[in-house]
$ cat entry.cif   # mmCIF, C-alpha atoms
data_data
#
loop_
_atom_site.label_atom_id
_atom_site.label_comp_id
_atom_site.auth_asym_id
_atom_site.auth_seq_id
_atom_site.Cartn_x
_atom_site.Cartn_y
_atom_site.Cartn_z
CA MET U 1 -12.91 -7.96 17.79
CA ALA U 2 -10.66 -10.29 15.85
CA ILE U 3 -11.91 -13.82 15.24
CA THR U 4 -9.41 -16.57 16.03
CA LYS U 5 -11.29 -19.71 14.97
CA LEU U 6 -13.24 -20.97 11.96
CA ASN U 7 -16.49 -22.88 12.34
CA HIS U 8 -17.23 -26.27 10.71
CA GLU U 9 -19.11 -24.75 7.80
CA GLU U 10 -16.17 -22.43 7.03
CA LEU U 11 -13.61 -25.22 7.34
CA ASN U 12 -15.62 -27.19 4.79
CA ARG U 13 -16.32 -24.27 2.45
CA TYR U 14 -12.70 -23.12 2.29
CA GLN U 15 -10.98 -26.52 2.53
CA ARG U 16 -9.43 -26.41 -0.97
CA GLN U 17 -7.53 -23.22 -0.13
CA ILE U 18 -6.81 -24.07 3.52
CA ILE U 19 -4.85 -27.15 2.33
CA LEU U 20 -2.65 -25.00 0.08
CA PRO U 21 1.07 -24.92 0.98
CA ASP U 22 1.74 -21.93 3.31
CA PHE U 23 -1.99 -21.13 3.59
CA GLY U 24 -3.72 -23.08 6.33
CA GLU U 25 -6.39 -21.93 8.78
CA GLU U 26 -4.15 -19.03 9.75
CA ALA U 27 -4.46 -17.37 6.31
CA GLN U 28 -8.20 -18.06 6.28
CA ILE U 29 -8.63 -16.37 9.65
CA LYS U 30 -6.71 -13.33 8.34
CA LEU U 31 -9.14 -13.16 5.41
CA LYS U 32 -12.12 -13.46 7.73
CA ASN U 33 -10.85 -10.56 9.83
CA ALA U 34 -10.02 -8.40 6.81
CA SER U 35 -12.04 -5.56 5.31
CA VAL U 36 -11.68 -4.31 1.74
CA LEU U 37 -13.26 -1.27 0.08
CA VAL U 38 -13.84 -1.68 -3.66
CA ILE U 39 -14.35 1.65 -5.44
CA GLY U 40 -16.42 1.19 -8.57
CA ALA U 41 -18.79 -1.70 -9.27
CA GLY U 42 -18.24 -2.23 -12.99
CA GLY U 43 -16.06 -4.42 -15.19
CA LEU U 44 -13.04 -4.70 -12.88
CA ALA U 45 -15.15 -4.97 -9.75
CA SER U 46 -17.32 -7.83 -11.04
CA PRO U 47 -14.61 -10.52 -10.74
CA ILE U 48 -12.92 -8.76 -7.81
CA LEU U 49 -16.10 -8.88 -5.72
CA LYS U 50 -17.08 -12.42 -6.69
CA TYR U 51 -13.67 -13.82 -5.82
CA LEU U 52 -13.06 -11.83 -2.64
CA CYS U 53 -16.49 -13.03 -1.52
CA SER U 54 -15.90 -16.68 -2.44
CA THR U 55 -12.43 -16.61 -0.85
CA GLY U 56 -13.94 -15.40 2.42
CA VAL U 57 -12.84 -11.77 2.92
CA GLY U 58 -14.84 -10.91 6.04
CA ARG U 59 -16.16 -7.48 5.13
CA ILE U 60 -16.43 -5.94 1.67
CA GLY U 61 -17.41 -2.33 1.02
CA LEU U 62 -19.02 -1.58 -2.35
CA MET U 63 -18.99 1.93 -3.73
CA ASP U 64 -20.62 3.14 -6.95
CA GLY U 65 -23.33 5.67 -7.74
CA ASP U 66 -24.48 4.10 -11.01
CA VAL U 67 -27.39 1.86 -11.93
CA VAL U 68 -27.09 -1.20 -14.15
CA GLU U 69 -27.54 -0.56 -17.87
CA VAL U 70 -27.86 -3.15 -20.62
CA SER U 71 -24.69 -1.79 -22.29
CA ASN U 72 -22.76 -2.75 -19.11
CA LEU U 73 -23.58 -6.42 -19.41
CA GLN U 74 -20.90 -7.42 -21.99
CA ARG U 75 -18.16 -6.91 -19.38
CA GLN U 76 -19.81 -6.37 -15.98
CA ILE U 77 -20.49 -10.03 -15.36
CA MET U 78 -21.95 -9.45 -11.90
CA TYR U 79 -25.20 -8.29 -13.50
CA ASP U 80 -28.06 -9.87 -15.42
CA GLU U 81 -30.53 -8.23 -17.76
CA SER U 82 -33.21 -8.28 -15.07
CA ASP U 83 -30.97 -6.04 -12.87
CA ALA U 84 -31.20 -3.07 -15.29
CA GLY U 85 -32.19 0.16 -13.58
CA GLN U 86 -31.14 -0.94 -10.08
CA TYR U 87 -28.16 0.42 -8.15
CA LYS U 88 -25.09 -1.68 -8.93
CA VAL U 89 -24.02 -1.81 -5.28
CA GLU U 90 -27.43 -3.08 -4.17
CA VAL U 91 -27.58 -5.80 -6.83
CA SER U 92 -23.97 -6.79 -6.04
CA ALA U 93 -24.64 -6.93 -2.30
CA ARG U 94 -27.63 -9.21 -2.83
CA LYS U 95 -25.69 -11.56 -5.09
CA LEU U 96 -22.63 -11.65 -2.85
CA LYS U 97 -24.67 -12.49 0.25
CA GLU U 98 -26.27 -15.32 -1.67
CA GLN U 99 -22.86 -16.53 -2.81
CA ASN U 100 -21.37 -16.54 0.70
CA PRO U 101 -23.53 -15.70 3.75
CA ASN U 102 -20.41 -15.64 5.99
CA ILE U 103 -19.29 -12.26 4.73
CA ALA U 104 -20.56 -8.76 5.56
CA VAL U 105 -21.26 -6.29 2.77
CA ASP U 106 -21.45 -2.49 3.12
CA CYS U 107 -23.14 -0.48 0.34
CA PHE U 108 -22.33 3.08 -0.68
CA ASN U 109 -24.45 4.14 -3.66
CA PHE U 110 -22.57 7.37 -4.29
CA ARG U 111 -19.23 8.49 -5.68
CA LEU U 112 -15.97 8.92 -3.80
CA THR U 113 -15.20 12.59 -3.17
CA ARG U 114 -12.43 14.55 -1.45
CA ASP U 115 -14.88 15.10 1.40
CA ASN U 116 -16.04 11.53 2.06
CA ALA U 117 -12.80 9.63 1.29
CA ALA U 118 -11.04 10.04 4.67
CA ASP U 119 -13.94 8.68 6.77
CA LEU U 120 -14.49 5.76 4.41
CA PHE U 121 -10.84 4.74 4.10
CA GLU U 122 -10.55 4.76 7.88
CA LYS U 123 -13.01 1.84 8.10
CA TYR U 124 -11.13 -0.57 5.78
CA ASP U 125 -7.79 -2.38 5.76
CA LEU U 126 -7.26 -2.26 2.03
CA ILE U 127 -8.61 -0.20 -0.89
CA ILE U 128 -9.17 -1.52 -4.42
CA ASP U 129 -9.45 0.92 -7.29
CA ALA U 130 -11.98 -0.37 -9.79
CA CYS U 131 -13.13 3.09 -10.87
CA ASP U 132 -13.33 4.47 -14.40
CA ASN U 133 -11.99 8.00 -14.18
CA PHE U 134 -8.84 9.98 -13.36
CA GLU U 135 -10.51 12.31 -10.87
CA THR U 136 -11.47 9.45 -8.54
CA ARG U 137 -8.06 7.81 -8.97
CA TYR U 138 -6.23 10.95 -7.76
CA ILE U 139 -8.66 11.19 -4.83
CA ILE U 140 -7.81 7.58 -3.93
CA CYS U 141 -4.08 8.31 -4.26
CA HIS U 142 -4.29 11.29 -1.93
CA ALA U 143 -6.68 9.76 0.63
CA ALA U 144 -4.83 6.43 0.80
CA GLN U 145 -1.60 8.25 1.62
CA LYS U 146 -3.31 10.25 4.35
CA ALA U 147 -4.99 7.17 5.82
CA ALA U 148 -1.81 5.05 5.41
CA LYS U 149 -3.71 2.35 3.50
CA ALA U 150 -2.35 0.30 0.61
CA TRP U 151 -4.40 0.33 -2.59
CA ILE U 152 -4.53 -1.83 -5.66
CA TYR U 153 -4.71 0.16 -8.87
CA ALA U 154 -5.90 -1.01 -12.27
CA SER U 155 -7.26 0.51 -15.43
CA VAL U 156 -8.21 -0.96 -18.78
CA PHE U 157 -8.33 0.41 -22.31
CA GLU U 158 -9.36 -1.40 -25.47
CA TYR U 159 -7.31 -4.63 -25.51
CA GLY U 160 -5.03 -4.01 -22.53
CA GLY U 161 -4.74 -3.16 -18.88
CA GLN U 162 -2.32 -2.03 -16.19
CA VAL U 163 -2.06 -2.95 -12.51
CA SER U 164 0.04 -1.90 -9.51
CA VAL U 165 -0.05 -1.78 -5.73
CA PHE U 166 0.51 1.70 -4.31
CA ASN U 167 1.27 3.13 -0.89
CA HIS U 168 2.47 -0.24 0.36
CA ILE U 169 5.95 -1.44 1.36
CA THR U 170 8.00 0.81 -0.96
CA GLN U 171 5.50 3.69 -0.55
CA THR U 172 5.38 4.10 -4.33
CA GLN U 173 2.44 6.30 -5.36
CA TYR U 174 0.20 6.57 -8.42
CA SER U 175 1.49 10.16 -8.65
CA ASP U 176 5.05 8.80 -9.03
CA LEU U 177 3.87 6.99 -12.15
CA TYR U 178 1.53 9.68 -13.49
CA PRO U 179 1.98 13.03 -11.68
CA GLU U 180 -0.82 14.52 -13.80
CA ALA U 181 -3.78 13.26 -15.80
CA PRO U 182 -3.55 13.67 -19.58
CA ASP U 183 -4.28 17.14 -21.01
CA GLN U 184 -6.88 15.95 -23.43
CA ILE U 185 -9.15 13.21 -22.26
CA PRO U 186 -10.93 12.34 -25.45
CA LEU U 187 -13.84 10.59 -23.75
CA THR U 188 -14.53 10.96 -20.07
CA ASP U 189 -17.52 8.64 -20.07
CA GLY U 190 -16.13 5.17 -19.32
CA GLU U 191 -19.07 3.73 -21.21
CA LYS U 192 -17.78 5.01 -24.53
CA ILE U 193 -14.23 3.69 -24.36
CA GLY U 194 -13.91 0.45 -26.29
CA VAL U 195 -12.91 -2.53 -24.17
CA LEU U 196 -12.75 -6.24 -24.89
CA PRO U 197 -14.95 -7.82 -22.18
CA VAL U 198 -12.37 -10.34 -21.00
CA VAL U 199 -9.76 -7.63 -20.32
CA PRO U 200 -11.37 -6.13 -17.18
CA GLY U 201 -12.17 -9.71 -16.16
CA LEU U 202 -8.52 -10.74 -16.29
CA ILE U 203 -7.17 -7.53 -14.79
CA GLY U 204 -9.76 -7.58 -11.99
CA LEU U 205 -8.69 -11.12 -11.12
CA ILE U 206 -5.08 -9.97 -10.83
CA GLN U 207 -6.27 -7.26 -8.40
CA ALA U 208 -8.22 -9.84 -6.37
CA SER U 209 -5.17 -12.10 -6.30
CA GLU U 210 -2.95 -9.26 -5.02
CA ALA U 211 -5.58 -8.42 -2.36
CA ILE U 212 -5.58 -12.00 -1.08
CA LYS U 213 -1.77 -12.01 -0.99
CA ILE U 214 -1.59 -8.69 0.86
CA ILE U 215 -4.14 -9.83 3.45
CA THR U 216 -2.60 -13.27 4.03
CA GLY U 217 1.05 -12.25 3.65
CA ILE U 218 1.64 -14.97 1.06
CA GLY U 219 3.86 -14.41 -2.00
CA GLN U 220 5.42 -11.28 -3.49
CA ILE U 221 3.30 -8.22 -4.04
CA LEU U 222 3.23 -6.10 -7.20
CA ASP U 223 4.61 -3.22 -5.16
CA GLY U 224 6.72 -0.54 -6.87
CA GLU U 225 6.11 -2.26 -10.20
CA LEU U 226 3.64 -1.73 -13.03
CA LEU U 227 2.18 -4.74 -14.78
CA LEU U 228 1.17 -4.18 -18.39
CA TYR U 229 -1.06 -6.72 -20.08
CA ASN U 230 -1.99 -6.80 -23.76
CA ALA U 231 -4.52 -9.33 -25.01
CA LEU U 232 -3.63 -8.90 -28.69
CA ASP U 233 -0.16 -10.44 -28.44
CA LEU U 234 -0.80 -12.03 -25.02
CA SER U 235 2.13 -10.11 -23.59
CA CYS U 236 2.68 -9.28 -19.96
CA ARG U 237 5.47 -6.97 -18.74
CA LYS U 238 6.52 -5.87 -15.29
CA LEU U 239 8.33 -2.54 -15.06
CA LYS U 240 9.98 -0.99 -12.03
CA ILE U 241 8.44 2.38 -11.11
CA GLY U 242 10.98 5.08 -10.27
CA LYS U 243 9.85 7.41 -7.49
CA GLN U 244 9.67 11.17 -7.93
CA ASP U 245 11.98 12.98 -5.51
CA MET O 246 21.33 7.94 -33.15
CA LYS O 247 18.47 5.51 -33.25
CA VAL O 248 16.24 4.49 -30.39
CA TYR O 249 13.12 2.37 -30.37
CA VAL O 250 9.88 3.83 -29.07
CA ASN O 251 7.17 1.18 -28.63
CA ASP O 252 9.15 -0.97 -31.10
CA GLU O 253 9.34 1.78 -33.74
CA SER O 254 12.73 3.11 -34.79
CA ILE O 255 13.19 6.86 -34.18
CA THR O 256 16.21 8.92 -35.21
CA LEU O 257 17.24 11.73 -32.87
CA ALA O 258 20.29 13.78 -31.96
CA ASP O 259 22.97 12.02 -29.89
CA ALA O 260 22.57 12.37 -26.12
CA SER O 261 18.99 13.60 -26.42
CA THR O 262 17.00 13.68 -23.21
CA ILE O 263 13.59 12.12 -22.65
CA SER O 264 12.04 15.62 -22.76
CA GLN O 265 13.66 16.24 -26.15
CA LEU O 266 12.36 12.90 -27.41
CA LEU O 267 8.81 13.81 -26.34
CA LYS O 268 9.12 17.19 -28.07
CA GLN O 269 10.26 15.47 -31.25
CA LEU O 270 7.33 13.05 -31.00
CA ASN O 271 5.00 16.01 -30.39
CA THR O 272 3.72 14.25 -27.27
CA SER O 273 2.46 16.04 -24.16
CA PRO O 274 4.33 14.98 -21.02
CA LYS O 275 1.06 14.82 -19.07
CA GLY O 276 -0.59 11.48 -18.41
CA ILE O 277 2.24 9.33 -19.69
CA ALA O 278 5.02 7.21 -18.20
CA ILE O 279 8.33 6.47 -19.91
CA ALA O 280 10.25 3.25 -19.41
CA ILE O 281 13.79 2.66 -20.63
CA GLY O 282 14.24 -1.09 -20.68
CA PRO O 283 12.66 -2.46 -17.49
CA ASN O 284 12.72 0.84 -15.56
CA ILE O 285 10.11 3.60 -15.52
CA ILE O 286 11.97 6.90 -15.28
CA PRO O 287 10.21 9.44 -13.01
CA SER O 288 9.16 12.57 -14.89
CA ASN O 289 11.25 14.87 -12.70
CA LEU O 290 14.33 13.34 -14.38
CA TRP O 291 13.13 13.66 -17.97
CA ASN O 292 14.97 16.95 -18.56
CA GLU O 293 18.32 15.43 -17.63
CA TYR O 294 18.02 11.72 -18.46
CA LYS O 295 20.07 11.14 -21.62
CA LEU O 296 19.05 8.40 -24.01
CA GLU O 297 21.63 6.09 -25.53
CA ALA O 298 21.71 4.55 -28.99
CA ASP O 299 19.44 1.50 -29.33
CA ASP O 300 17.59 2.24 -26.09
CA GLU O 301 14.23 0.55 -25.97
CA VAL O 302 11.76 3.19 -24.86
CA LEU O 303 8.22 2.33 -23.85
CA LEU O 304 5.69 5.16 -23.86
CA ILE O 305 2.84 4.16 -21.53
CA ARG O 306 -0.40 6.09 -21.48
CA ALA O 307 -2.46 6.57 -18.34
CA THR O 308 -5.84 5.01 -18.99
CA GLN O 309 -8.98 5.36 -16.92
CA GLY O 310 -11.35 2.54 -17.85
CA GLY O 311 -12.64 0.23 -15.20
#

$ encode --input "entry.cif" --output "structure tokens"
Amino acid sequence: MAITKLNHEELNRYQRQIILPDFGEEAQIKLKNASVLVIGAGGLASPILKYLCSTGVGRIGLMDGDVVEVSNLQRQIMYDESDAGQYKVEVSARKLKEQNPNIAVDCFNFRLTRDNAADLFEKYDLIIDACDNFETRYIICHAAQKAAKAWIYASVFEYGGQVSVFNHITQTQYSDLYPEAPDQIPLTDGEKIGVLPVVPGLIGLIQASEAIKIITGIGQILDGELLLYNALDLSCRKLKIGKQD
Amino acid sequence: MKVYVNDESITLADASTISQLLKQLNTSPKGIAIAIGPNIIPSNLWNEYKLEADDEVLLIRATQGG
């Protein structure tokens, strides 16, 4: 059942965003009633989860089958050395609940598949792609279309990243941008692709920002456009995505 | 004619299509997007979309890291 009021603790906690122009209690209530599924709990997800939690998204689903490894720590800022060996979703859930006890967290310590995607997507308003492989991304693309849910795409590589919102107002799809994955994927293990730690941090924050805007209805969404970010020359470009017929 | 691909000058036959450009660059059409100026051209138009002199082409690679 949708909540229509905030309590005193919430009004205090979120006051600095509630006083924003065009925000108000109304936007905060929308956040409280919203549910977001974040697929992947690595470098992109670390800032996404922390900020969606602090901003007060009511229910956050965490999905990842991996455990924390020390080599994750340079970019996956959710985790500490003492978390090594534990499931990422379980560590994240514990930390998020400590950060903001007002939100609910669902844990899925397994990978997204063609078989489980439909049931999972059904339970959430919005999907965020923070995964590290093409196979999962095409599953998200397909399942989001079937479930009629918008999703926020991002991927990072070395010193740069790309972001877009798919299956939203213009119904632009990931498959419009990239109908097929590359022929030769030199390294399929996300762990072995070089990435500057701040890049997933920055790109994940852009995803979190778009999620907040989609939920609250504030601002213009990165819909039908691809944002390209490059840390080396600090360039940022927005390109219009043409749809396949 | 000359076009620019990711800021590098490339010489190719007048009225070449995007598909012909990719062939000349020896680049597989899978897992990439092509923008001309601010617009990403969908791959189903690559066989017919003719490049013009001085076009600024951006070859974007699908990446998977997260």

$ interface_residues --input "entry.cif" --of "chain U" --to "chain O" --cutoff "8 Å" --atoms "only C-alpha atoms" --output "ChimeraX atom specification"
/U:40,42-45,130-134,154-157,176-183,190,193,200,238-245

$ residues_near_point --input "entry.cif" --point "(18.3, 2.1, -29.2)" --cutoff "12 Å" --atoms "all atoms listed in the file" --output "list in words"
Met246, Lys247, Val248, Tyr249, Val250, Asn251, Asp252, Glu253, Ser254, Ile255, Thr256, Leu257, Asp259, Ala260, Ser261, Ile281, Gly282, Lys295, Leu296, Glu297, Ala298, Asp299, Asp300, Glu301, Val302 and Leu303 of chain O

$ write_last_selection --input "entry.cif" --atoms "C-alpha atoms" --output "mmCIF file, in the coordinates of the input"
data_model
loop_
_atom_site.group_PDB
_atom_site.id
_atom_site.type_symbol
_atom_site.label_atom_id
_atom_site.label_comp_id
_atom_site.auth_asym_id
_atom_site.auth_seq_id
_atom_site.Cartn_x
_atom_site.Cartn_y
_atom_site.Cartn_z
ATOM 1 C CA MET O 246 21.330 7.940 -33.150
ATOM 2 C CA LYS O 247 18.470 5.510 -33.250
ATOM 3 C CA VAL O 248 16.240 4.490 -30.390
ATOM 4 C CA TYR O 249 13.120 2.370 -30.370
ATOM 5 C CA VAL O 250 9.880 3.830 -29.070
ATOM 6 C CA ASN O 251 7.170 1.180 -28.630
ATOM 7 C CA ASP O 252 9.150 -0.970 -31.100
ATOM 8 C CA GLU O 253 9.340 1.780 -33.740
ATOM 9 C CA SER O 254 12.730 3.110 -34.790
ATOM 10 C CA ILE O 255 13.190 6.860 -34.180
ATOM 11 C CA THR O 256 16.210 8.920 -35.210
ATOM 12 C CA LEU O 257 17.240 11.730 -32.870
ATOM 13 C CA ASP O 259 22.970 12.020 -29.890
ATOM 14 C CA ALA O 260 22.570 12.370 -26.120
ATOM 15 C CA SER O 261 18.990 13.600 -26.420
ATOM 16 C CA ILE O 281 13.790 2.660 -20.630
ATOM 17 C CA GLY O 282 14.240 -1.090 -20.680
ATOM 18 C CA LYS O 295 20.070 11.140 -21.620
ATOM 19 C CA LEU O 296 19.050 8.400 -24.010
ATOM 20 C CA GLU O 297 21.630 6.090 -25.530
ATOM 21 C CA ALA O 298 21.710 4.550 -28.990
ATOM 22 C CA ASP O 299 19.440 1.500 -29.330
ATOM 23 C CA ASP O 300 17.590 2.240 -26.090
ATOM 24 C CA GLU O 301 14.230 0.550 -25.970
ATOM 25 C CA VAL O 302 11.760 3.190 -24.860
ATOM 26 C CA LEU O 303 8.220 2.330 -23.850
#

$ resolve_selection --input "entry.cif" --expression "the PyMOL selection byres ((chain U and resi 106) around 8)" --output "list in words"
Arg59, Ile60, Gly61, Leu62, Ala93, Ala104, Val105, Cys107 and Phe108 of chain U

$ write_last_selection --input "entry.cif" --atoms "C-alpha atoms" --output "PDB file, in the frame of the given file"
ATOM      1  CA  ARG U  59     -16.160  -7.480   5.130  1.00  0.00           C
ATOM      2  CA  ILE U  60     -16.430  -5.940   1.670  1.00  0.00           C
ATOM      3  CA  GLY U  61     -17.410  -2.330   1.020  1.00  0.00           C
ATOM      4  CA  LEU U  62     -19.020  -1.580  -2.350  1.00  0.00           C
ATOM      5  CA  ALA U  93     -24.640  -6.930  -2.300  1.00  0.00           C
ATOM      6  CA  ALA U 104     -20.560  -8.760   5.560  1.00  0.00           C
ATOM      7  CA  VAL U 105     -21.260  -6.290   2.770  1.00  0.00           C
ATOM      8  CA  CYS U 107     -23.140  -0.480   0.340  1.00  0.00           C
ATOM      9  CA  PHE U 108     -22.330   3.080  -0.680  1.00  0.00           C
TER      10      PHE U 108
END

$ resolve_selection --input "entry.cif" --expression "the PyMOL selection byres ((chain U and resi 145) around 12)" --output "list in words"
Ala117, Ala118, Phe121, Glu122, Leu126, Ile127, Tyr138, Ile139, Ile140, Cys141, His142, Ala143, Ala144, Lys146, Ala147, Ala148, Lys149, Ala150, Trp151, Phe166, Asn167, His168, Gln171, Thr172, Gln173, Tyr174 and Ser175 of chain U

$ resolve_selection --input "entry.cif" --expression "the PyMOL selection byres ((chain U and resi 159) around 7)" --output "tab-separated table (two decimals) with C-alpha atoms, keeping the file's coordinate frame"
chain	number	residue	atom	x	y	z
U	157	PHE	CA	-8.33	0.41	-22.31
U	158	GLU	CA	-9.36	-1.40	-25.47
U	160	GLY	CA	-5.03	-4.01	-22.53
U	195	VAL	CA	-12.91	-2.53	-24.17
U	196	LEU	CA	-12.75	-6.24	-24.89
U	199	VAL	CA	-9.76	-7.63	-20.32
U	230	ASN	CA	-1.99	-6.80	-23.76
U	231	ALA	CA	-4.52	-9.33	-25.01
U	232	LEU	CA	-3.63	-8.90	-28.69

$ atom_distance --input "entry.cif" --atom1 "CA of Arg75 in chain U" --atom2 "CA of Ser46 in chain U"
8.4 Å

$ atom_distance --input "entry.cif" --atom1 "CA of Val165 in chain U" --atom2 "CA of Ser92 in chain U"
24.4 Å

$ decode --input "entry.cif" --residues "range 190-215 of chain U" --atoms "N, CA and C atoms" --output "PDB file, in the first residue's frame"
ATOM      1  N   GLY U 190      35.380  -9.666 -15.790  1.00  0.00           N
ATOM      2  CA  GLY U 190      35.392  -8.234 -15.477  1.00  0.00           C
ATOM      3  C   GLY U 190      36.580  -7.836 -14.631  1.00  0.00           C
ATOM      4  N   GLU U 191      37.037  -8.780 -13.832  1.00  0.00           N
ATOM      5  CA  GLU U 191      38.153  -8.519 -12.922  1.00  0.00           C
ATOM      6  C   GLU U 191      39.435  -8.145 -13.657  1.00  0.00           C
ATOM      7  N   LYS U 192      39.571  -8.605 -14.885  1.00  0.00           N
ATOM      8  CA  LYS U 192      40.858  -8.438 -15.572  1.00  0.00           C
ATOM      9  C   LYS U 192      40.863  -7.274 -16.556  1.00  0.00           C
ATOM     10  N   ILE U 193      39.777  -6.529 -16.625  1.00  0.00           N
ATOM     11  CA  ILE U 193      39.747  -5.357 -17.489  1.00  0.00           C
ATOM     12  C   ILE U 193      40.194  -4.168 -16.652  1.00  0.00           C
ATOM     13  N   GLY U 194      41.210  -3.458 -17.155  1.00  0.00           N
ATOM     14  CA  GLY U 194      41.720  -2.318 -16.401  1.00  0.00           C
ATOM     15  C   GLY U 194      40.654  -1.245 -16.235  1.00  0.00           C
ATOM     16  N   VAL U 195      40.556  -0.677 -15.057  1.00  0.00           N
ATOM     17  CA  VAL U 195      39.614   0.426 -14.851  1.00  0.00           C
ATOM     18  C   VAL U 195      40.128   1.339 -13.738  1.00  0.00           C
ATOM     19  N   LEU U 196      40.122   2.631 -14.040  1.00  0.00           N
ATOM     20  CA  LEU U 196      40.514   3.620 -13.033  1.00  0.00           C
ATOM     21  C   LEU U 196      39.404   3.657 -11.973  1.00  0.00           C
ATOM     22  N   PRO U 197      39.735   3.492 -10.704  1.00  0.00           N
ATOM     23  CA  PRO U 197      38.691   3.336  -9.674  1.00  0.00           C
ATOM     24  C   PRO U 197      37.610   4.414  -9.669  1.00  0.00           C
ATOM     25  N   VAL U 198      37.990   5.653  -9.940  1.00  0.00           N
ATOM     26  CA  VAL U 198      36.984   6.725  -9.868  1.00  0.00           C
ATOM     27  C   VAL U 198      35.965   6.642 -10.994  1.00  0.00           C
ATOM     28  N   VAL U 199      36.302   5.938 -12.091  1.00  0.00           N
ATOM     29  CA  VAL U 199      35.385   5.929 -13.246  1.00  0.00           C
ATOM     30  C   VAL U 199      34.050   5.234 -12.924  1.00  0.00           C
ATOM     31  N   PRO U 200      34.051   3.981 -12.403  1.00  0.00           N
ATOM     32  CA  PRO U 200      32.750   3.428 -12.008  1.00  0.00           C
ATOM     33  C   PRO U 200      32.066   4.251 -10.917  1.00  0.00           C
ATOM     34  N   GLY U 201      32.863   4.901 -10.060  1.00  0.00           N
ATOM     35  CA  GLY U 201      32.271   5.769  -9.036  1.00  0.00           C
ATOM     36  C   GLY U 201      31.449   6.881  -9.663  1.00  0.00           C
ATOM     37  N   LEU U 202      32.075   7.587 -10.603  1.00  0.00           N
ATOM     38  CA  LEU U 202      31.399   8.699 -11.276  1.00  0.00           C
ATOM     39  C   LEU U 202      30.195   8.241 -12.092  1.00  0.00           C
ATOM     40  N   ILE U 203      30.400   7.169 -12.853  1.00  0.00           N
ATOM     41  CA  ILE U 203      29.339   6.687 -13.744  1.00  0.00           C
ATOM     42  C   ILE U 203      28.172   6.140 -12.914  1.00  0.00           C
ATOM     43  N   GLY U 204      28.485   5.447 -11.832  1.00  0.00           N
ATOM     44  CA  GLY U 204      27.432   4.933 -10.951  1.00  0.00           C
ATOM     45  C   GLY U 204      26.609   6.077 -10.355  1.00  0.00           C
ATOM     46  N   LEU U 205      27.270   7.168 -10.025  1.00  0.00           N
ATOM     47  CA  LEU U 205      26.539   8.320  -9.484  1.00  0.00           C
ATOM     48  C   LEU U 205      25.592   8.915 -10.517  1.00  0.00           C
ATOM     49  N   ILE U 206      26.020   8.903 -11.776  1.00  0.00           N
ATOM     50  CA  ILE U 206      25.124   9.404 -12.837  1.00  0.00           C
ATOM     51  C   ILE U 206      23.894   8.489 -12.926  1.00  0.00           C
ATOM     52  N   GLN U 207      24.115   7.182 -12.801  1.00  0.00           N
ATOM     53  CA  GLN U 207      22.969   6.249 -12.809  1.00  0.00           C
ATOM     54  C   GLN U 207      22.037   6.516 -11.620  1.00  0.00           C
ATOM     55  N   ALA U 208      22.620   6.723 -10.438  1.00  0.00           N
ATOM     56  CA  ALA U 208      21.790   6.994  -9.257  1.00  0.00           C
ATOM     57  C   ALA U 208      20.992   8.284  -9.449  1.00  0.00           C
ATOM     58  N   SER U 209      21.648   9.274 -10.026  1.00  0.00           N
ATOM     59  CA  SER U 209      20.984  10.562 -10.273  1.00  0.00           C
ATOM     60  C   SER U 209      19.800  10.393 -11.235  1.00  0.00           C
ATOM     61  N   GLU U 210      20.005   9.616 -12.310  1.00  0.00           N
ATOM     62  CA  GLU U 210      18.909   9.373 -13.257  1.00  0.00           C
ATOM     63  C   GLU U 210      17.771   8.597 -12.575  1.00  0.00           C
ATOM     64  N   ALA U 211      18.123   7.659 -11.691  1.00  0.00           N
ATOM     65  CA  ALA U 211      17.092   6.883 -10.983  1.00  0.00           C
ATOM     66  C   ALA U 211      16.227   7.822 -10.130  1.00  0.00           C
ATOM     67  N   ILE U 212      16.867   8.712  -9.409  1.00  0.00           N
ATOM     68  CA  ILE U 212      16.123   9.651  -8.554  1.00  0.00           C
ATOM     69  C   ILE U 212      15.209  10.533  -9.410  1.00  0.00           C
ATOM     70  N   LYS U 213      15.727  10.977 -10.556  1.00  0.00           N
ATOM     71  CA  LYS U 213      14.918  11.819 -11.445  1.00  0.00           C
ATOM     72  C   LYS U 213      13.726  11.060 -12.035  1.00  0.00           C
ATOM     73  N   ILE U 214      13.969   9.809 -12.422  1.00  0.00           N
ATOM     74  CA  ILE U 214      12.866   9.009 -12.992  1.00  0.00           C
ATOM     75  C   ILE U 214      11.781   8.808 -11.930  1.00  0.00           C
ATOM     76  N   ILE U 215      12.198   8.473 -10.707  1.00  0.00           N
ATOM     77  CA  ILE U 215      11.222   8.186  -9.648  1.00  0.00           C
ATOM     78  C   ILE U 215      10.437   9.438  -9.274  1.00  0.00           C
TER      79      ILE U 215
END
